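K.L.:
Following this message is one structure expressed as structure tokens.
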Amino acid sequence: MTTEPANFAENIHRVDYLTPYAEPLTDAGAYIDLALRERESLDGDWHFAIDPYDTCLRARWFEEKYVDEAGRPYPVDFSFDQWETISVPSCWNVQKELWYWYEGSAVYVRNFSFEPGPASERVFLTFDGAAYAAYVFLNGEYLGWHQGASTPFRFEVTGKVRDDNRLLVVVNNDRTPERVPMDNTDWFNYGGLHRSVNLVRLPKTFIETASVALRPDGTYSTVAVGLTLTGPDLDGQAEVTIPELNFNEILDVSGGVGIEEFDLSPELWSPDNPKLYDVYIRYGADEWHDRVGFREIRVVGQDILLNGTPLFLTGVSQHEESVANGRSLTEEEIRENFRVAREMGCRYVRLAHYPHSGLTSRIADEVGMLLWEEVPVYWAIDFANEATFADADNQLRELLLRDRNRASVIIWSVGNENADSDARLSFMSRLVATCRSLDPTRLVSAACLVDSTALVIADRLAEHLDIIGINEYYGWYEPDFSKLPRLFENSAPTKPVIISEFGADAVTGRHGGADEMFTEENQEAIYRRQVEVLGSIPYIRGTSPWILYDFRCPRRVHVLHGYYNRKGLLSPDRTQKKLAFTVMQEWYKTK
Ligand code: GCB
């Protein structure tokens with residue numbers, strides 16, 4: 001990190017005050033798959049203040065210089081220990097009315113004590129998600145920063161963590177044109193340390209990443225196990241154990257990398273039988289443990305096959321949001337979302353438009369819900385910008401590394417509704433390549449736009465995808481519904497199509513005629529027409545209507561919106577079902 005401002009004037013005049021913090025940037029290269037490893041929680045109450053002018057970073061508050069060399073006191077503009085507290089994890093927007101619309105920087109500070117273990121121990125500070133950028137300081141020392149609101153990141157703090165510590169994090173959620181997402185989205189820009197913060201102790205050499213998956217060859221009889229190590233002892237043997245299958249085999253590791261296939265025919269995971277196995281990998285003093293389901297997902301022609309059987313993805317789209325907790329859903333809320341989706345007949349949920357928490361996919365594994373996971377390459381990303389690509393690609397890598405052992409996740413989505421341009425094609429096809437290189441066992445898709453003039457499915461990205469996702473709003477944004485059947489008649493995709501979105505706004509409890517917009521009857525009528533057409537097109541292999549419940553949306557300022565997108569099938573608090581819920585429920589019974 002470069003020098004501090006020479007004097008007060010430099011500090012207040014400096015326009016490039018972020019430059020000294022540009023390095024180190026932590027990214028997927030430093031990712032550690034914690035799986036079910038033990039953690040020491042740093043969640044709880046942290047001192048907190050919003051810092052709209054970013055003065056903590058400009059004036060280096062983290063150094064806590066309270067006196068000059070002679071001990072004479074300086075005036076300071078902060079008082080960490082007297083600040084009010086906020087609970088971590090949470091989104092600041094829903095913690096206090098004053099912070100509801102706040103966007104910018106905020107400073108989090110907490111003290112913690114630490115009991116050192118053996119001299120060989122390595123210690124990591126891990127964040128499950130900070131929206132959008134986080135600058136992290138331990139005991140006055142800059143550890144580095146991370147960008148991307150929804151994926152996990154780590155810093156090694158071996159030798160830096162003491163008996164008593166001060167941890168300070170500046171979190172910034174400014175909307176800017178070059179971030180991912182950019183400054184214009186159809187959802188609420190929550191900010192904060194919205195996921196857990198932990199310390200993790202690991203031995204000198206440890207398993208950094210691991211993957212355990214059925215080889216997708218239609219035989220269900222080969223399991224591939226891969227791992228990477230970090231530390232000084234990179235050559236040796238790992239032991240892979242799945243006690244329930246009496247499986248215990250050696251995996252040779254050389255240069256820190258091991259990959260091997262084993263003959264093994266586990267019971268298959270599916271929504272009807274979400275069977276999970278405890279898997280242990282031991283290497284030296286380290287043990288990695290996860291619960292893994294084994295299943296195969298493939299596309300053959302226009303069919304999506306789960307464990308060899310064609311399936312129609314009866315789904316729904318979902319934002320990660322609750323009225324009370326913003327984006328920091330509780331376990332109960334996650335379970336309730338899946339419960340109500342299942343009640344509607346869903347075996348599949350599209351987690352839009354950014355990575356939801358790691359707990360969500362774990363619970364999906366357990367309850368048997370298939371998932372589409374997505375990165376926020378949403379609308380008009382700065383596609384020609386290489387730094388923007390690096391950010392998007394990194395968010396994708398962190399998501400893949402986090403969730404590639406989740407049987408529930410069957411589709412990676414590289415984006416949503418991006419106009420077809422050369423820059424976008426290059427950007428997004430490179431993201432597809434990232435998916436294929438890190439995880440050859442899943443399908444890749446994106447929510448594409450149709451050619452609404454020629455009325456045909458036409459997107460150059462489709463060539464790179466396994467499944468074509470289509471968002472369409474016939475009957476709502478496009479009132480001429482007759483275009484929908486024409487669109488499908490004019491198209492001849494060679495791959496399965498999922499209707500990743502369709503829908504209409506309706507205010508819960510607002511009733512009227514089927515033609516009266518914003519009523520439940522109008523939404524219901526649009527859903528009836530939609531499912532009638534969608535059900536008749538053989539290449540449509542799944543639907544995820546927009547959306548399970550209403551969500552906050554600053555763009556929606558119509559009096560009937562009240563800063564909410566009202567396309568939910570449920571009210572925002574999920575307590576009331578709109579009429580269209582039953583339309584989907586009845587239709588899915590036939591699927
Ligand atoms: C879309 C977007 C989604 C919006 C939705 C709407 O196509 O993908 O993020 O919220 O339409 O309601 O307009």
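Labels used: A, B, ... for chains in the order of the structure tokens, numbers from 1 for residues in each chain, and numbers from 1 for ligands as shown.
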Kindly compile the residues surrounding ligand 1 within 8 Å, counting only C-alpha atoms and all ligand atoms, and format them as a list in words.

P.N.:
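Within the 8 Å cut-off, the matching residues are Thr185, Asp186, Trp187, Ala352, His353, Tyr378, Asn416, Glu417, Ala447, Asn471, Glu472, Tyr473, Glu501, Phe502, Gly503, Ala504, Asp505, Trp546, Asn565, Arg566 and Lys567 of chain A.
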
K.L.:
Any idea what's packed within 8 Å of Glu244 (chain A), counting only C-alpha atoms, ignoring anything in its chain fewer than 2 positions away? Could you give it as a PyMOL selection string?

P.N.:
chain A and resi 242+246-247+277-278

K.L.:
Give one line per residue of region 384-473 of chain A that approaches region 213-219 of chain A to at most 12 Å, naming the two atoms of the closest pair and their distance in Å to one decimal, counting only C-alpha atoms; sort by chain then ascending residue number and deliver it as CSV.

P.N.:
residue,atom,partner,partner_atom,distance
A:Asp403,CA,A:Ala213,CA,11.9
A:Arg404,CA,A:Ala213,CA,8.6
A:Asn405,CA,A:Ala213,CA,7.0
A:Arg406,CA,A:Ala213,CA,9.3
A:Ala407,CA,A:Ala213,CA,8.6
A:Asp439,CA,A:Ala213,CA,9.8
A:Pro440,CA,A:Pro216,CA,8.6
A:Thr441,CA,A:Pro216,CA,6.3
A:Arg442,CA,A:Pro216,CA,8.9
A:Leu443,CA,A:Pro216,CA,11.2

K.L.:
For Glu260 (chain A), list every protein, DNA or RNA residue within 7 Å, evaluated using only C-alpha atoms, and leave out those in the same chain fewer than 5 positions away; present the list as a ChimeraX atom specification.

P.N.:
/A:224-226,251

K.L.:
In region 110-221 of chain A, what's strand (DSSP E or B) per DSSP? Answer as a PDB file with N, CA and C atoms, in the first residue's frame?

P.N.:
ATOM      1  N   ARG A 110     -15.177  -4.027  14.850  1.00  0.00           N
ATOM      2  CA  ARG A 110     -15.403  -4.860  16.029  1.00  0.00           C
ATOM      3  C   ARG A 110     -14.071  -5.354  16.585  1.00  0.00           C
ATOM      4  N   ASN A 111     -14.069  -5.588  17.874  1.00  0.00           N
ATOM      5  CA  ASN A 111     -12.905  -6.178  18.527  1.00  0.00           C
ATOM      6  C   ASN A 111     -13.192  -7.652  18.742  1.00  0.00           C
ATOM      7  N   PHE A 112     -12.143  -8.440  18.745  1.00  0.00           N
ATOM      8  CA  PHE A 112     -12.334  -9.851  19.098  1.00  0.00           C
ATOM      9  C   PHE A 112     -11.044 -10.394  19.682  1.00  0.00           C
ATOM     10  N   SER A 113     -11.203 -11.391  20.526  1.00  0.00           N
ATOM     11  CA  SER A 113     -10.000 -12.018  21.068  1.00  0.00           C
ATOM     12  C   SER A 113      -9.805 -13.372  20.406  1.00  0.00           C
ATOM     13  N   ARG A 122      -2.550 -22.257  10.518  1.00  0.00           N
ATOM     14  CA  ARG A 122      -2.786 -21.080   9.675  1.00  0.00           C
ATOM     15  C   ARG A 122      -4.202 -20.572   9.929  1.00  0.00           C
ATOM     16  N   VAL A 123      -4.344 -19.254   9.872  1.00  0.00           N
ATOM     17  CA  VAL A 123      -5.640 -18.674  10.240  1.00  0.00           C
ATOM     18  C   VAL A 123      -6.145 -17.823   9.075  1.00  0.00           C
ATOM     19  N   PHE A 124      -7.426 -17.966   8.779  1.00  0.00           N
ATOM     20  CA  PHE A 124      -8.046 -17.218   7.677  1.00  0.00           C
ATOM     21  C   PHE A 124      -9.271 -16.470   8.175  1.00  0.00           C
ATOM     22  N   LEU A 125      -9.397 -15.266   7.652  1.00  0.00           N
ATOM     23  CA  LEU A 125     -10.564 -14.445   7.930  1.00  0.00           C
ATOM     24  C   LEU A 125     -11.473 -14.606   6.712  1.00  0.00           C
ATOM     25  N   THR A 126     -12.696 -15.053   6.921  1.00  0.00           N
ATOM     26  CA  THR A 126     -13.547 -15.384   5.776  1.00  0.00           C
ATOM     27  C   THR A 126     -14.846 -14.585   5.813  1.00  0.00           C
ATOM     28  N   PHE A 127     -15.215 -14.071   4.663  1.00  0.00           N
ATOM     29  CA  PHE A 127     -16.450 -13.305   4.507  1.00  0.00           C
ATOM     30  C   PHE A 127     -17.350 -14.061   3.527  1.00  0.00           C
ATOM     31  N   ALA A 131     -21.660  -6.395   0.341  1.00  0.00           N
ATOM     32  CA  ALA A 131     -22.219  -5.716  -0.838  1.00  0.00           C
ATOM     33  C   ALA A 131     -21.822  -4.232  -0.835  1.00  0.00           C
ATOM     34  N   ALA A 133     -18.328  -3.672  -2.443  1.00  0.00           N
ATOM     35  CA  ALA A 133     -16.877  -3.792  -2.266  1.00  0.00           C
ATOM     36  C   ALA A 133     -16.572  -3.703  -0.776  1.00  0.00           C
ATOM     37  N   ALA A 134     -15.540  -4.440  -0.347  1.00  0.00           N
ATOM     38  CA  ALA A 134     -15.139  -4.392   1.065  1.00  0.00           C
ATOM     39  C   ALA A 134     -13.642  -4.155   1.156  1.00  0.00           C
ATOM     40  N   TYR A 135     -13.237  -3.194   1.992  1.00  0.00           N
ATOM     41  CA  TYR A 135     -11.819  -2.900   2.262  1.00  0.00           C
ATOM     42  C   TYR A 135     -11.579  -3.325   3.706  1.00  0.00           C
ATOM     43  N   VAL A 136     -10.629  -4.252   3.903  1.00  0.00           N
ATOM     44  CA  VAL A 136     -10.526  -4.913   5.204  1.00  0.00           C
ATOM     45  C   VAL A 136      -9.204  -4.563   5.893  1.00  0.00           C
ATOM     46  N   PHE A 137      -9.288  -4.170   7.169  1.00  0.00           N
ATOM     47  CA  PHE A 137      -8.116  -3.771   7.967  1.00  0.00           C
ATOM     48  C   PHE A 137      -8.120  -4.552   9.270  1.00  0.00           C
ATOM     49  N   LEU A 138      -6.981  -5.168   9.588  1.00  0.00           N
ATOM     50  CA  LEU A 138      -6.857  -5.879  10.863  1.00  0.00           C
ATOM     51  C   LEU A 138      -5.752  -5.207  11.670  1.00  0.00           C
ATOM     52  N   GLU A 141      -3.709  -2.685   9.944  1.00  0.00           N
ATOM     53  CA  GLU A 141      -3.012  -3.077   8.712  1.00  0.00           C
ATOM     54  C   GLU A 141      -4.022  -3.420   7.618  1.00  0.00           C
ATOM     55  N   TYR A 142      -3.738  -2.931   6.413  1.00  0.00           N
ATOM     56  CA  TYR A 142      -4.633  -3.196   5.281  1.00  0.00           C
ATOM     57  C   TYR A 142      -4.418  -4.614   4.776  1.00  0.00           C
ATOM     58  N   LEU A 143      -5.502  -5.426   4.748  1.00  0.00           N
ATOM     59  CA  LEU A 143      -5.374  -6.800   4.238  1.00  0.00           C
ATOM     60  C   LEU A 143      -5.681  -6.868   2.752  1.00  0.00           C
ATOM     61  N   GLY A 144      -6.577  -5.980   2.276  1.00  0.00           N
ATOM     62  CA  GLY A 144      -6.927  -5.997   0.868  1.00  0.00           C
ATOM     63  C   GLY A 144      -8.426  -5.760   0.703  1.00  0.00           C
ATOM     64  N   TRP A 145      -8.855  -5.881  -0.538  1.00  0.00           N
ATOM     65  CA  TRP A 145     -10.269  -5.627  -0.805  1.00  0.00           C
ATOM     66  C   TRP A 145     -10.849  -6.692  -1.706  1.00  0.00           C
ATOM     67  N   HIS A 146     -12.161  -6.665  -1.821  1.00  0.00           N
ATOM     68  CA  HIS A 146     -12.879  -7.627  -2.660  1.00  0.00           C
ATOM     69  C   HIS A 146     -14.048  -6.902  -3.297  1.00  0.00           C
ATOM     70  N   GLN A 147     -14.386  -7.309  -4.521  1.00  0.00           N
ATOM     71  CA  GLN A 147     -15.585  -6.752  -5.147  1.00  0.00           C
ATOM     72  C   GLN A 147     -16.508  -7.859  -5.598  1.00  0.00           C
ATOM     73  N   PHE A 153     -15.217 -14.568   0.150  1.00  0.00           N
ATOM     74  CA  PHE A 153     -13.798 -14.250  -0.039  1.00  0.00           C
ATOM     75  C   PHE A 153     -13.048 -14.401   1.286  1.00  0.00           C
ATOM     76  N   ARG A 154     -11.731 -14.547   1.173  1.00  0.00           N
ATOM     77  CA  ARG A 154     -10.896 -14.865   2.350  1.00  0.00           C
ATOM     78  C   ARG A 154      -9.614 -14.050   2.370  1.00  0.00           C
ATOM     79  N   PHE A 155      -9.075 -13.871   3.577  1.00  0.00           N
ATOM     80  CA  PHE A 155      -7.729 -13.309   3.740  1.00  0.00           C
ATOM     81  C   PHE A 155      -6.962 -14.180   4.727  1.00  0.00           C
ATOM     82  N   GLU A 156      -5.714 -14.454   4.434  1.00  0.00           N
ATOM     83  CA  GLU A 156      -4.911 -15.171   5.433  1.00  0.00           C
ATOM     84  C   GLU A 156      -4.444 -14.166   6.477  1.00  0.00           C
ATOM     85  N   ASP A 164      -5.693  -9.925  21.219  1.00  0.00           N
ATOM     86  CA  ASP A 164      -6.800  -8.959  21.139  1.00  0.00           C
ATOM     87  C   ASP A 164      -6.698  -8.197  19.834  1.00  0.00           C
ATOM     88  N   ASN A 165      -7.799  -8.113  19.125  1.00  0.00           N
ATOM     89  CA  ASN A 165      -7.766  -7.585  17.755  1.00  0.00           C
ATOM     90  C   ASN A 165      -8.847  -6.549  17.512  1.00  0.00           C
ATOM     91  N   ARG A 166      -8.520  -5.701  16.530  1.00  0.00           N
ATOM     92  CA  ARG A 166      -9.487  -4.716  16.052  1.00  0.00           C
ATOM     93  C   ARG A 166      -9.662  -4.971  14.555  1.00  0.00           C
ATOM     94  N   LEU A 167     -10.885  -5.284  14.154  1.00  0.00           N
ATOM     95  CA  LEU A 167     -11.177  -5.537  12.745  1.00  0.00           C
ATOM     96  C   LEU A 167     -12.048  -4.395  12.231  1.00  0.00           C
ATOM     97  N   LEU A 168     -11.629  -3.810  11.120  1.00  0.00           N
ATOM     98  CA  LEU A 168     -12.386  -2.690  10.544  1.00  0.00           C
ATOM     99  C   LEU A 168     -12.635  -2.988   9.062  1.00  0.00           C
ATOM    100  N   VAL A 169     -13.869  -2.814   8.638  1.00  0.00           N
ATOM    101  CA  VAL A 169     -14.208  -3.070   7.236  1.00  0.00           C
ATOM    102  C   VAL A 169     -14.993  -1.885   6.692  1.00  0.00           C
ATOM    103  N   VAL A 170     -14.511  -1.334   5.577  1.00  0.00           N
ATOM    104  CA  VAL A 170     -15.277  -0.303   4.876  1.00  0.00           C
ATOM    105  C   VAL A 170     -16.042  -1.016   3.761  1.00  0.00           C
ATOM    106  N   VAL A 171     -17.354  -0.912   3.783  1.00  0.00           N
ATOM    107  CA  VAL A 171     -18.178  -1.555   2.763  1.00  0.00           C
ATOM    108  C   VAL A 171     -18.806  -0.456   1.905  1.00  0.00           C
ATOM    109  N   ASN A 172     -18.717  -0.616   0.599  1.00  0.00           N
ATOM    110  CA  ASN A 172     -19.240   0.405  -0.316  1.00  0.00           C
ATOM    111  C   ASN A 172     -20.199  -0.233  -1.320  1.00  0.00           C
ATOM    112  N   GLY A 192     -23.974  -3.710   2.737  1.00  0.00           N
ATOM    113  CA  GLY A 192     -23.523  -4.146   4.050  1.00  0.00           C
ATOM    114  C   GLY A 192     -22.841  -5.489   4.088  1.00  0.00           C
ATOM    115  N   VAL A 197     -19.281 -13.537   8.881  1.00  0.00           N
ATOM    116  CA  VAL A 197     -17.830 -13.337   8.943  1.00  0.00           C
ATOM    117  C   VAL A 197     -17.292 -14.354   9.955  1.00  0.00           C
ATOM    118  N   ASN A 198     -16.210 -15.033   9.589  1.00  0.00           N
ATOM    119  CA  ASN A 198     -15.676 -16.093  10.456  1.00  0.00           C
ATOM    120  C   ASN A 198     -14.163 -16.118  10.442  1.00  0.00           C
ATOM    121  N   LEU A 199     -13.619 -16.803  11.448  1.00  0.00           N
ATOM    122  CA  LEU A 199     -12.203 -17.192  11.422  1.00  0.00           C
ATOM    123  C   LEU A 199     -12.161 -18.695  11.235  1.00  0.00           C
ATOM    124  N   VAL A 200     -11.184 -19.145  10.470  1.00  0.00           N
ATOM    125  CA  VAL A 200     -11.037 -20.579  10.247  1.00  0.00           C
ATOM    126  C   VAL A 200      -9.575 -20.943  10.450  1.00  0.00           C
ATOM    127  N   ARG A 201      -9.326 -22.030  11.184  1.00  0.00           N
ATOM    128  CA  ARG A 201      -7.952 -22.498  11.429  1.00  0.00           C
ATOM    129  C   ARG A 201      -7.693 -23.717  10.556  1.00  0.00           C
ATOM    130  N   LEU A 202      -6.556 -23.711   9.909  1.00  0.00           N
ATOM    131  CA  LEU A 202      -6.202 -24.815   9.019  1.00  0.00           C
ATOM    132  C   LEU A 202      -4.751 -25.197   9.269  1.00  0.00           C
ATOM    133  N   PHE A 206      -3.108 -27.641   3.433  1.00  0.00           N
ATOM    134  CA  PHE A 206      -4.518 -28.012   3.568  1.00  0.00           C
ATOM    135  C   PHE A 206      -5.186 -28.117   2.194  1.00  0.00           C
ATOM    136  N   ILE A 207      -6.354 -28.730   2.214  1.00  0.00           N
ATOM    137  CA  ILE A 207      -7.142 -28.910   0.992  1.00  0.00           C
ATOM    138  C   ILE A 207      -7.841 -27.585   0.695  1.00  0.00           C
ATOM    139  N   GLU A 208      -7.458 -26.980  -0.413  1.00  0.00           N
ATOM    140  CA  GLU A 208      -7.970 -25.649  -0.741  1.00  0.00           C
ATOM    141  C   GLU A 208      -9.332 -25.750  -1.435  1.00  0.00           C
ATOM    142  N   THR A 209      -9.399 -26.629  -2.437  1.00  0.00           N
ATOM    143  CA  THR A 209     -10.689 -26.850  -3.110  1.00  0.00           C
ATOM    144  C   THR A 209     -10.847 -28.343  -3.331  1.00  0.00           C
ATOM    145  N   ALA A 210     -12.105 -28.777  -3.415  1.00  0.00           N
ATOM    146  CA  ALA A 210     -12.373 -30.190  -3.679  1.00  0.00           C
ATOM    147  C   ALA A 210     -13.648 -30.307  -4.496  1.00  0.00           C
ATOM    148  N   SER A 211     -13.687 -31.302  -5.356  1.00  0.00           N
ATOM    149  CA  SER A 211     -14.922 -31.552  -6.113  1.00  0.00           C
ATOM    150  C   SER A 211     -15.199 -33.045  -6.129  1.00  0.00           C
ATOM    151  N   VAL A 212     -16.457 -33.368  -5.940  1.00  0.00           N
ATOM    152  CA  VAL A 212     -16.881 -34.766  -5.885  1.00  0.00           C
ATOM    153  C   VAL A 212     -18.136 -34.866  -6.734  1.00  0.00           C
ATOM    154  N   ALA A 213     -18.083 -35.623  -7.834  1.00  0.00           N
ATOM    155  CA  ALA A 213     -19.253 -35.649  -8.727  1.00  0.00           C
ATOM    156  C   ALA A 213     -19.317 -36.936  -9.520  1.00  0.00           C
ATOM    157  N   LEU A 214     -20.530 -37.299  -9.845  1.00  0.00           N
ATOM    158  CA  LEU A 214     -20.751 -38.439 -10.723  1.00  0.00           C
ATOM    159  C   LEU A 214     -20.301 -38.061 -12.127  1.00  0.00           C
TER     160      LEU A 214
END

K.L.:
For Leu34 (chain A), which residue among A:Ser429, A:Leu351, A:Ile281, A:Asp290 is the nearest when counting only C-alpha atoms?

P.N.:
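Of A:Ser429, A:Leu351, A:Ile281, A:Asp290, the one nearest Leu34 (chain A), counting only C-alpha atoms, is A:Asp290.
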
K.L.:
Nearest to Ile470 (chain A): which of A:Ile498, A:Val299, A:Ala423, A:Ile547 is it, counting only C-alpha atoms?

P.N.:
A:Ile498

K.L.:
Could you tell me which of A:Thr158, A:Ser328, A:Ser361, A:Thr19 comes closest to Val88 (chain A) if we count only C-alpha atoms?

P.N.:
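Nearest to Val88 (chain A): A:Ser328.
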
K.L.:
Taking into account only C-alpha atoms, which residue in the set A:Ser105, A:Ser426, A:Ser408, A:Ser221 is nearest to Asp174 (chain A)?

P.N.:
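Selected residue with least distance to Asp174 (chain A): A:Ser105.
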
K.L.:
Write out as JSON, numbers by chain the residues lying within 8 Å of Gly140 (chain A), counting only C-alpha atoms and excluding same-chain residues fewer than 5 positions away.

P.N.:
{"A": [62, 63, 64, 166]}

K.L.:
Rounded to one decimal place, report the CA of Pro5 (chain A)-CA of Pro73 (chain A) distance in Å.

P.N.:
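The value is 19.0 Å.
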
K.L.:
So what do you get for CA of Pro485 (chain A) versus CA of Glu343 (chain A), distance-wise?

P.N.:
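Straight-line distance from CA of Pro485 (chain A) to CA of Glu343 (chain A) works out to 29.0 Å.
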